[in-house]
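Have a look at upload21.json below; it lists JSON, C-alpha atoms.
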[["chain", "number", "residue", "atom", "x", "y", "z"],
["A", 1, "MET", "CA", -1.64, -21.33, -20.66],
["A", 2, "LYS", "CA", -1.28, -17.84, -19.25],
["A", 3, "LYS", "CA", -4.34, -16.35, -17.63],
["A", 4, "ASN", "CA", -5.39, -12.88, -18.72],
["A", 5, "ILE", "CA", -6.19, -10.68, -15.73],
["A", 6, "ASP", "CA", -8.55, -7.79, -16.45],
["A", 7, "LEU", "CA", -10.84, -5.58, -14.36],
["A", 8, "ALA", "CA", -13.65, -8.16, -14.45],
["A", 9, "THR", "CA", -11.28, -10.88, -13.24],
["A", 10, "ILE", "CA", -10.15, -8.68, -10.33],
["A", 11, "LYS", "CA", -13.73, -7.75, -9.37],
["A", 12, "ASN", "CA", -14.85, -11.39, -9.52],
["A", 13, "PHE", "CA", -11.84, -12.45, -7.43],
["A", 14, "ILE", "CA", -12.67, -9.81, -4.79],
["A", 15, "LEU", "CA", -16.33, -10.89, -4.64],
["A", 16, "ALA", "CA", -15.63, -14.64, -4.70],
["A", 17, "ASN", "CA", -13.19, -14.32, -1.80],
["A", 18, "SER", "CA", -15.25, -11.76, 0.17],
["A", 19, "LEU", "CA", -12.26, -9.42, 0.37],
["A", 20, "ASN", "CA", -12.38, -6.02, 2.05],
["A", 21, "GLU", "CA", -10.05, -3.05, 2.51],
["A", 22, "ASN", "CA", -7.89, -5.01, 4.99],
["A", 23, "VAL", "CA", -6.02, -6.61, 2.07],
["A", 24, "MET", "CA", -4.05, -5.62, -1.00],
["A", 25, "LEU", "CA", -3.73, -7.62, -4.19],
["A", 26, "MET", "CA", -0.39, -8.11, -5.89],
["A", 27, "LEU", "CA", 0.00, -9.07, -9.55],
["A", 28, "HIS", "CA", 2.89, -10.14, -11.75],
["A", 29, "PRO", "CA", 4.35, -6.97, -13.34],
["A", 30, "SER", "CA", 3.25, -7.95, -16.86],
["A", 31, "ASN", "CA", -0.35, -8.54, -15.67],
["A", 32, "PHE", "CA", -0.30, -5.22, -13.80],
["A", 33, "ASP", "CA", 1.05, -3.38, -16.87],
["A", 34, "LYS", "CA", -1.65, -4.89, -19.10],
["A", 35, "LEU", "CA", -4.31, -3.87, -16.56],
["A", 36, "ILE", "CA", -3.22, -0.22, -16.53],
["A", 37, "ARG", "CA", -2.14, 0.04, -20.17],
["A", 38, "THR", "CA", -5.22, 2.07, -21.11],
["A", 39, "GLY", "CA", -3.89, 5.11, -19.22],
["A", 40, "THR", "CA", -1.11, 7.41, -20.37],
["A", 41, "GLN", "CA", 0.54, 7.92, -16.98],
["A", 42, "LYS", "CA", 2.72, 5.38, -15.21],
["A", 43, "VAL", "CA", 1.01, 4.36, -11.98],
["A", 44, "ARG", "CA", 2.37, 2.32, -9.09],
["A", 45, "SER", "CA", -0.96, 1.20, -7.66],
["A", 46, "LEU", "CA", -4.58, 0.92, -8.62],
["A", 47, "CYS", "CA", -7.70, 0.81, -6.44],
["A", 48, "ILE", "CA", -10.60, -1.47, -7.39],
["A", 49, "SER", "CA", -13.64, -1.80, -5.11],
["A", 50, "GLY", "CA", -11.67, -0.18, -2.29],
["A", 51, "ILE", "CA", -8.75, -2.62, -2.57],
["A", 52, "ASN", "CA", -5.30, -1.51, -3.70],
["A", 53, "ILE", "CA", -3.67, -3.45, -6.52],
["A", 54, "ILE", "CA", 0.13, -3.33, -6.79],
["A", 55, "PRO", "CA", 2.77, -4.95, -9.02],
["A", 56, "ASP", "CA", 5.18, -7.55, -7.64],
["A", 57, "ASP", "CA", 8.60, -5.91, -7.66],
["A", 58, "ASN", "CA", 10.33, -8.92, -6.06],
["A", 59, "ASP", "CA", 9.57, -11.53, -8.75],
["A", 60, "GLU", "CA", 7.63, -13.74, -6.33],
["A", 61, "ILE", "CA", 4.36, -14.13, -8.25],
["A", 62, "SER", "CA", 3.86, -16.11, -11.44],
["A", 63, "GLU", "CA", 2.16, -14.54, -14.42],
["A", 64, "GLY", "CA", -1.61, -15.00, -14.21],
["A", 65, "GLU", "CA", -1.56, -15.32, -10.41],
["A", 66, "ILE", "CA", -3.21, -13.00, -7.87],
["A", 67, "ASP", "CA", -1.63, -12.79, -4.42],
["A", 68, "VAL", "CA", -3.56, -11.51, -1.40],
["A", 69, "LEU", "CA", -1.56, -9.46, 1.11],
["A", 70, "GLU", "CA", -3.00, -8.76, 4.53],
["A", 71, "VAL", "CA", -2.75, -5.14, 5.63],
["A", 72, "ARG", "CA", -2.35, -4.55, 9.34],
["A", 73, "PHE", "CA", -2.96, -1.27, 11.06],
["A", 74, "ASN", "CA", -1.32, -0.44, 14.39]]
Please go through the file and, once you have read it, give me the structure as structure tokens.
Amino acid sequence: MKKNIDLATIKNFILANSLNENVMLMLHPSNFDKLIRTGTQKVRSLCISGINIIPDDNDEISEGEIDVLEVRFN
């Protein structure tokens, strides 16, 4: 069964994992496209609760999965 990822799912995931702006979330491209489908412009990232959401362009994430990427600042 494929999990539907919507804004509420993302917000709950961020809260449940106590995430902050030091991470980015990456979604399967189809989940990302469904999330942004309401807009008319093609976007490459989305920001929810201060955390950037990007699509997986390397085919590493399964559909319905959310990957947490650590962001490091020099």
Pick out the closest residue to Thr9 (chain A) from this set: A:Leu35, A:Val68, A:Glu60, A:Ser45. Count only C-alpha atoms.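 Closest candidate: A:Leu35.
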Selection: 7 Å around His28 (chain A), only C-alpha atoms, excl. self and same-chain fewer than 6 positions, as an MDAnalysis selection string: chainID A and resid 55:56 61:63 65
Please compute the CA of Glu21 (chain A)-CA of Asp59 (chain A) distance, one decimal, in Å. 24.2 Å
In Å, with one decimal, what is the gap from CA of Asn22 (chain A) to CA of Arg72 (chain A)? 7.1 Å
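For the pair CA of Asp6 (chain A) and CA of Glu70 (chain A), the interatomic distance is 21.7 Å.
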I need the residue nearest Asp57 (chain A) from this list: A:Val43, A:Leu27, A:Ser18, A:Lys3. Use all atoms listed in the file for the distance. A:Leu27
Considering all atoms listed in the file, can you say which of A:Ile36, A:Val71, A:Ile54, A:Ile66 comes closest to Phe13 (chain A)?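 Result for the nearest residue to Phe13 (chain A): A:Ile66.
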Find the residue from A:Leu46, A:Leu69, A:Ile10, A:Leu15 that sits nearest to Asp33 (chain A); use all atoms listed in the file when measuring.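 Among the listed residues, A:Leu46 lies closest to Asp33 (chain A).
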Expected axis-aligned box over every listed atom of region 57-73 of chain A, 4 Å added per side, centre plus edges in Å to one decimal, as lines of an AutoDock Vina configuration file:
center_x = 3.4
center_y = -8.7
center_z = -1.7
size_x = 21.9
size_y = 22.8
size_z = 33.5
Counting only C-alpha atoms, the residue of A:Ile53, A:Met24, A:Gly64, A:Ile48 that sits nearest Asn12 (chain A): A:Ile48
